[in-house]
>>> print(open('upload-v7.csv').read())   # CSV, C-alpha atoms
chain,number,residue,atom,x,y,z
F,11,MET,CA,157.7,152.0,95.0
F,12,ASN,CA,160.9,151.7,96.9
F,13,GLU,CA,160.6,155.1,98.5
F,14,ALA,CA,157.0,154.6,99.5
F,15,ALA,CA,157.7,151.1,100.8
F,16,ALA,CA,160.5,152.5,102.9
F,17,HIS,CA,158.2,155.0,104.4
F,18,TYR,CA,155.7,152.3,105.3
F,19,GLN,CA,158.4,150.1,106.8
F,20,ARG,CA,159.6,153.1,108.8
F,21,ALA,CA,156.0,153.7,110.0
F,22,ILE,CA,155.9,150.0,111.1
F,23,GLN,CA,159.1,150.4,113.0
F,24,LEU,CA,157.8,153.5,114.8
F,25,GLN,CA,154.3,152.0,115.4
F,26,PRO,CA,154.4,148.3,115.0
F,27,ASP,CA,150.7,147.9,115.9
F,28,TYR,CA,149.5,150.2,113.1
F,29,ALA,CA,147.6,147.9,110.8
F,30,PRO,CA,147.0,150.4,107.9
F,31,ALA,CA,150.8,150.7,107.4
F,32,TYR,CA,151.0,146.9,106.9
F,33,ASN,CA,148.0,147.0,104.6
F,34,ASN,CA,149.4,149.8,102.5
F,35,LEU,CA,152.8,148.1,102.3
F,36,GLY,CA,151.0,145.0,101.0
F,37,VAL,CA,149.3,147.1,98.3
F,38,LEU,CA,152.8,148.3,97.2
F,39,GLN,CA,154.2,144.8,97.3
F,40,ARG,CA,151.3,143.4,95.2
F,41,ALA,CA,151.7,146.2,92.7
F,42,ALA,CA,155.3,145.3,92.4
F,43,GLY,CA,154.4,141.6,91.7
F,44,GLN,CA,155.5,140.4,95.1
F,45,VAL,CA,152.2,138.6,95.8
F,46,ASP,CA,153.5,136.2,98.4
F,47,ALA,CA,155.0,139.0,100.4
F,48,ALA,CA,151.8,141.0,100.1
F,49,ILE,CA,149.8,138.0,101.4
F,50,ALA,CA,152.1,137.8,104.4
F,51,THR,CA,151.9,141.5,105.0
F,52,TYR,CA,148.1,141.6,104.8
F,53,ARG,CA,148.0,138.7,107.2
F,54,GLN,CA,150.1,140.8,109.6
F,55,ALA,CA,147.6,143.7,109.3
F,56,LEU,CA,144.8,141.3,110.1
F,57,ALA,CA,146.6,139.9,113.1
F,58,LEU,CA,146.7,143.4,114.5
F,59,LYS,CA,143.1,144.3,113.4
F,60,GLY,CA,141.0,141.4,112.5
F,61,ASP,CA,138.0,143.5,111.5
F,62,TYR,CA,139.9,145.5,108.9
F,63,PRO,CA,137.8,145.2,105.7
F,64,ASP,CA,140.4,146.8,103.4
F,65,ALA,CA,143.0,144.2,104.5
F,66,HIS,CA,140.5,141.4,104.0
F,67,TYR,CA,139.6,142.7,100.6
F,68,ASN,CA,143.3,143.1,99.6
F,69,LEU,CA,144.2,139.7,101.0
F,70,ALA,CA,141.4,138.1,99.1
F,71,ASN,CA,142.5,139.7,95.8
F,72,ALA,CA,146.1,138.5,96.4
F,73,LEU,CA,144.8,135.0,97.2
F,74,LEU,CA,142.7,135.0,94.0
F,75,ALA,CA,145.8,136.0,92.0
F,76,LYS,CA,147.6,133.0,93.5
F,77,ASN,CA,144.7,130.8,92.4
F,78,ARG,CA,143.4,130.2,95.9
F,79,PRO,CA,139.7,130.9,95.4
F,80,ASP,CA,138.5,129.1,98.6
F,81,GLU,CA,140.5,131.3,100.9
F,82,ALA,CA,139.8,134.4,98.7
F,83,ALA,CA,136.0,133.9,99.0
F,84,GLU,CA,136.3,133.7,102.7
F,85,HIS,CA,138.0,137.0,103.0
F,86,PHE,CA,135.7,138.7,100.4
F,87,ARG,CA,132.8,137.6,102.5
F,88,ILE,CA,134.4,139.1,105.7
F,89,ALA,CA,135.0,142.3,103.8
F,90,LEU,CA,131.4,142.4,102.6
F,91,GLN,CA,130.2,142.2,106.2
F,92,SER,CA,131.7,145.6,106.8
F,93,ILE,CA,131.2,147.1,103.4
F,94,PRO,CA,128.1,145.4,102.0
F,95,ASP,CA,127.7,147.8,99.1
F,96,SER,CA,131.2,147.2,97.7
F,97,ALA,CA,130.7,146.3,94.1
F,98,GLY,CA,134.4,145.3,93.8
F,99,ALA,CA,134.2,142.8,96.7
F,100,ALA,CA,131.0,141.3,95.5
F,101,ASN,CA,132.2,141.0,91.9
F,102,ASN,CA,135.5,139.4,93.0
F,103,LEU,CA,133.6,137.1,95.4
F,104,GLY,CA,131.7,136.0,92.3
F,105,VAL,CA,135.0,135.4,90.5
F,106,ALA,CA,136.2,133.3,93.4
F,107,LEU,CA,133.0,131.3,93.5
F,108,SER,CA,133.1,130.8,89.7
F,109,ALA,CA,136.6,129.4,90.1
F,110,GLN,CA,135.2,127.0,92.6
F,111,ASP,CA,132.6,125.9,90.0
F,112,ARG,CA,129.8,127.3,92.1
F,113,PRO,CA,127.7,129.1,89.4
F,114,ASP,CA,124.6,129.6,91.5
F,115,ASP,CA,126.5,131.3,94.3
F,116,ALA,CA,128.5,133.2,91.8
F,117,VAL,CA,125.3,134.5,90.2
F,118,ALA,CA,124.2,135.8,93.6
F,119,ALA,CA,127.5,137.6,94.2
F,120,PHE,CA,127.4,139.1,90.7
F,121,ARG,CA,123.8,140.3,91.3
F,122,ALA,CA,125.0,142.0,94.4
F,123,ALA,CA,127.8,143.7,92.4
F,124,VAL,CA,125.4,144.9,89.8
F,125,ALA,CA,123.0,146.2,92.5
F,126,ALA,CA,125.9,148.1,94.1
F,127,GLU,CA,127.2,149.5,90.8
F,128,PRO,CA,124.5,149.2,88.1
F,129,ASP,CA,126.8,151.0,85.5
F,130,SER,CA,129.6,148.4,85.8
F,131,ALA,CA,130.0,146.7,82.5
F,132,LEU,CA,132.3,144.2,84.1
F,133,ALA,CA,129.8,143.2,86.7
F,134,HIS,CA,127.1,142.7,84.1
F,135,ARG,CA,129.4,140.7,81.9
F,136,ASN,CA,130.5,138.5,84.8
F,137,LEU,CA,126.9,138.0,85.8
F,138,ALA,CA,126.1,137.1,82.2
F,139,ASP,CA,128.9,134.5,82.2
F,140,ALA,CA,127.8,133.0,85.5
F,141,LEU,CA,124.1,132.9,84.4
F,142,SER,CA,125.2,131.0,81.2
F,143,THR,CA,127.2,128.5,83.3
F,144,ALA,CA,124.1,128.1,85.5
F,145,GLY,CA,122.0,127.3,82.5
F,146,GLN,CA,120.0,130.6,82.5
F,147,VAL,CA,120.8,131.4,78.9
F,148,ASP,CA,118.0,134.0,78.2
F,149,GLU,CA,118.9,136.1,81.3
F,150,SER,CA,122.5,135.7,80.4
F,151,VAL,CA,122.0,137.1,76.9
F,152,THR,CA,120.1,140.1,78.5
F,153,GLU,CA,123.0,140.8,80.8
F,154,PHE,CA,125.5,140.6,77.9
F,155,TYR,CA,123.5,143.2,76.0
F,156,LYS,CA,123.5,145.4,79.1
F,157,ALA,CA,127.3,145.1,79.4
F,158,MET,CA,127.7,145.9,75.7
F,159,ALA,CA,125.6,149.0,76.1
F,160,LEU,CA,127.7,150.1,79.1
F,161,ASP,CA,131.1,149.4,77.4
F,162,PRO,CA,130.6,149.1,73.6
F,163,LYS,CA,134.3,149.0,73.0
F,164,ASP,CA,135.0,145.8,75.0
F,165,PRO,CA,135.5,142.9,72.5
F,166,ALA,CA,135.2,140.2,75.3
F,167,THR,CA,131.5,140.8,75.9
F,168,PRO,CA,130.2,140.3,72.3
F,169,TYR,CA,132.6,137.3,72.0
F,170,ASN,CA,131.3,135.7,75.1
F,171,LEU,CA,127.7,136.5,74.0
F,172,GLY,CA,128.5,134.9,70.6
F,173,VAL,CA,129.7,131.7,72.3
F,174,VAL,CA,126.6,131.5,74.5
F,175,LEU,CA,124.3,132.1,71.5
F,176,LEU,CA,126.2,129.5,69.4
F,177,GLU,CA,125.9,126.9,72.2
F,178,ALA,CA,122.1,127.8,72.4
F,179,GLY,CA,121.7,127.1,68.7
F,180,ARG,CA,121.0,130.7,67.9
F,181,ASN,CA,123.5,130.8,65.1
F,182,ALA,CA,122.5,134.0,63.3
F,183,ASP,CA,122.6,136.0,66.5
F,184,ALA,CA,125.9,134.3,67.4
F,185,VAL,CA,127.5,135.3,64.1
F,186,ALA,CA,126.4,138.9,64.6
F,187,ALA,CA,127.8,139.0,68.1
F,188,LEU,CA,131.1,137.4,67.0
F,189,ARG,CA,131.4,139.8,64.0
F,190,THR,CA,131.1,142.7,66.5
F,191,ALA,CA,133.8,141.2,68.6
F,192,VAL,CA,136.1,140.8,65.6
F,193,ALA,CA,135.4,144.4,64.5
F,194,LEU,CA,136.4,145.6,68.0
F,195,ALA,CA,139.6,143.5,68.1
F,196,PRO,CA,140.6,142.6,64.5
>>> encode(input="upload-v7.csv", output="structure tokens")
Amino acid sequence: MNEAAAHYQRAIQLQPDYAPAYNNLGVLQRAAGQVDAAIATYRQALALKGDYPDAHYNLANALLAKNRPDEAAEHFRIALQSIPDSAGAANNLGVALSAQDRPDDAVAAFRAAVAAEPDSALAHRNLADALSTAGQVDESVTEFYKAMALDPKDPATPYNLGVVLLEAGRNADAVAALRTAVALAP
């Protein structure tokens, strides 16, 4: 990390208007747990190149990590304008919208993530969670099963499914799902 960061800092010294160097330095800072520094560095990249989708995406993720979902959602949306098929940006926009208690908007974002990457168990599970929050239990259950088929070793999916089924009064199905979760993570 230190050597790579030093190289990016040197690149910035040599070419202070080179936005990718700031973005990449921010990636290193975030990986090192320096989220506030990364946020500042991503903002420097965007000051130089406002239409830089990678910097918007990285800034949004850092803001989400700092529990600032409103700001994060704004930057995920900007990134998606340039890279509309980004499953990661759509999924993380859904996470930010869920954190803002906007389940219907989160459902739309997670649907976009699933459309962009149909084999993403995470996108299906997040869509299932958002559908459940939005009161669409049957479709939620369907999405949980899709996520489980894509990643049968993830205990979180059958656990979340079990909770949704329990809340819906489908106790026998809930017990089966929860047993699967316990078997995966004893």
>>> atom_distance(input="upload-v7.csv", atom1="CA of Ala157 (chain F)", atom2="CA of His134 (chain F)")
5.3 Å
>>> residues_around(input="upload-v7.csv", residues="Asp46 (chain F)", least_positions_apart="3", cutoff="9 Å", atoms="only C-alpha atoms", output="JSON, numbers by chain")
{"F": [39, 40, 43, 49, 50, 51, 72, 73, 76]}
>>> atom_distance(input="upload-v7.csv", atom1="CA of Ala29 (chain F)", atom2="CA of Ala55 (chain F)")
4.5 Å
>>> residues_around(input="upload-v7.csv", residues="Ser142 (chain F)", least_positions_apart="6", cutoff="12 Å", atoms="only C-alpha atoms", output="mmCIF file with C-alpha atoms, in the frame of the given file")
data_model
loop_
_atom_site.group_PDB
_atom_site.id
_atom_site.type_symbol
_atom_site.label_atom_id
_atom_site.label_comp_id
_atom_site.auth_asym_id
_atom_site.auth_seq_id
_atom_site.Cartn_x
_atom_site.Cartn_y
_atom_site.Cartn_z
ATOM 1 C CA SER F 108 133.100 130.800 89.700
ATOM 2 C CA PRO F 113 127.700 129.100 89.400
ATOM 3 C CA ASP F 114 124.600 129.600 91.500
ATOM 4 C CA ALA F 116 128.500 133.200 91.800
ATOM 5 C CA VAL F 117 125.300 134.500 90.200
ATOM 6 C CA ARG F 135 129.400 140.700 81.900
ATOM 7 C CA ASN F 136 130.500 138.500 84.800
ATOM 8 C CA ASP F 148 118.000 134.000 78.200
ATOM 9 C CA GLU F 149 118.900 136.100 81.300
ATOM 10 C CA SER F 150 122.500 135.700 80.400
ATOM 11 C CA VAL F 151 122.000 137.100 76.900
ATOM 12 C CA THR F 152 120.100 140.100 78.500
ATOM 13 C CA GLU F 153 123.000 140.800 80.800
ATOM 14 C CA PHE F 154 125.500 140.600 77.900
ATOM 15 C CA ASN F 170 131.300 135.700 75.100
ATOM 16 C CA LEU F 171 127.700 136.500 74.000
ATOM 17 C CA GLY F 172 128.500 134.900 70.600
ATOM 18 C CA VAL F 173 129.700 131.700 72.300
ATOM 19 C CA VAL F 174 126.600 131.500 74.500
ATOM 20 C CA LEU F 175 124.300 132.100 71.500
ATOM 21 C CA LEU F 176 126.200 129.500 69.400
ATOM 22 C CA GLU F 177 125.900 126.900 72.200
ATOM 23 C CA ALA F 178 122.100 127.800 72.400
#
>>> residues_around(input="upload-v7.csv", residues="Pro63 (chain F)", least_positions_apart="3", cutoff="12 Å", atoms="only C-alpha atoms", output="JSON list (two decimals) with C-alpha atoms, in the frame of the given file")
[["chain", "number", "residue", "atom", "x", "y", "z"],
["F", 29, "ALA", "CA", 147.60, 147.90, 110.80],
["F", 30, "PRO", "CA", 147.00, 150.40, 107.90],
["F", 33, "ASN", "CA", 148.00, 147.00, 104.60],
["F", 52, "TYR", "CA", 148.10, 141.60, 104.80],
["F", 55, "ALA", "CA", 147.60, 143.70, 109.30],
["F", 56, "LEU", "CA", 144.80, 141.30, 110.10],
["F", 59, "LYS", "CA", 143.10, 144.30, 113.40],
["F", 60, "GLY", "CA", 141.00, 141.40, 112.50],
["F", 66, "HIS", "CA", 140.50, 141.40, 104.00],
["F", 67, "TYR", "CA", 139.60, 142.70, 100.60],
["F", 68, "ASN", "CA", 143.30, 143.10, 99.60],
["F", 69, "LEU", "CA", 144.20, 139.70, 101.00],
["F", 70, "ALA", "CA", 141.40, 138.10, 99.10],
["F", 84, "GLU", "CA", 136.30, 133.70, 102.70],
["F", 85, "HIS", "CA", 138.00, 137.00, 103.00],
["F", 86, "PHE", "CA", 135.70, 138.70, 100.40],
["F", 87, "ARG", "CA", 132.80, 137.60, 102.50],
["F", 88, "ILE", "CA", 134.40, 139.10, 105.70],
["F", 89, "ALA", "CA", 135.00, 142.30, 103.80],
["F", 90, "LEU", "CA", 131.40, 142.40, 102.60],
["F", 91, "GLN", "CA", 130.20, 142.20, 106.20],
["F", 92, "SER", "CA", 131.70, 145.60, 106.80],
["F", 93, "ILE", "CA", 131.20, 147.10, 103.40],
["F", 94, "PRO", "CA", 128.10, 145.40, 102.00],
["F", 96, "SER", "CA", 131.20, 147.20, 97.70],
["F", 99, "ALA", "CA", 134.20, 142.80, 96.70]]
>>> atom_distance(input="upload-v7.csv", atom1="CA of Asn77 (chain F)", atom2="CA of Leu107 (chain F)")
11.8 Å
>>> closest_residue(input="upload-v7.csv", among="F:Ala41, F:Ile22, F:Ala166, F:Ala126", to="Asp95 (chain F)", atoms="only C-alpha atoms")
F:Ala126
>>> residues_around(input="upload-v7.csv", residues="Ala31 (chain F)", least_positions_apart="3", cutoff="8 Å", atoms="only C-alpha atoms", output="ChimeraX atom specification")
/F:18-19,21-22,28,34-35,55
>>> residues_around(input="upload-v7.csv", residues="Met158 (chain F)", least_positions_apart="3", cutoff="8 Å", atoms="all atoms listed in the file", output="PDB file with C-alpha atoms, in the coordinates of the input")
ATOM      1  CA  ALA F 131     130.000 146.700  82.500  1.00  0.00           C
ATOM      2  CA  PHE F 154     125.500 140.600  77.900  1.00  0.00           C
ATOM      3  CA  TYR F 155     123.500 143.200  76.000  1.00  0.00           C
ATOM      4  CA  ASP F 161     131.100 149.400  77.400  1.00  0.00           C
ATOM      5  CA  PRO F 162     130.600 149.100  73.600  1.00  0.00           C
ATOM      6  CA  LYS F 163     134.300 149.000  73.000  1.00  0.00           C
ATOM      7  CA  ASP F 164     135.000 145.800  75.000  1.00  0.00           C
ATOM      8  CA  THR F 167     131.500 140.800  75.900  1.00  0.00           C
ATOM      9  CA  PRO F 168     130.200 140.300  72.300  1.00  0.00           C
TER      10      PRO F 168
END
>>> closest_residue(input="upload-v7.csv", among="F:Ala122, F:Ala195, F:Ala57, F:Val45", to="Tyr32 (chain F)", atoms="only C-alpha atoms")
F:Ala57
>>> closest_residue(input="upload-v7.csv", among="F:Ala182, F:Ala75, F:Leu137, F:Val105", to="Ala125 (chain F)", atoms="only C-alpha atoms")
F:Leu137
>>> closest_residue(input="upload-v7.csv", among="F:Leu188, F:Ala106, F:Leu141, F:Leu58", to="Asp27 (chain F)", atoms="all atoms listed in the file")
F:Leu58
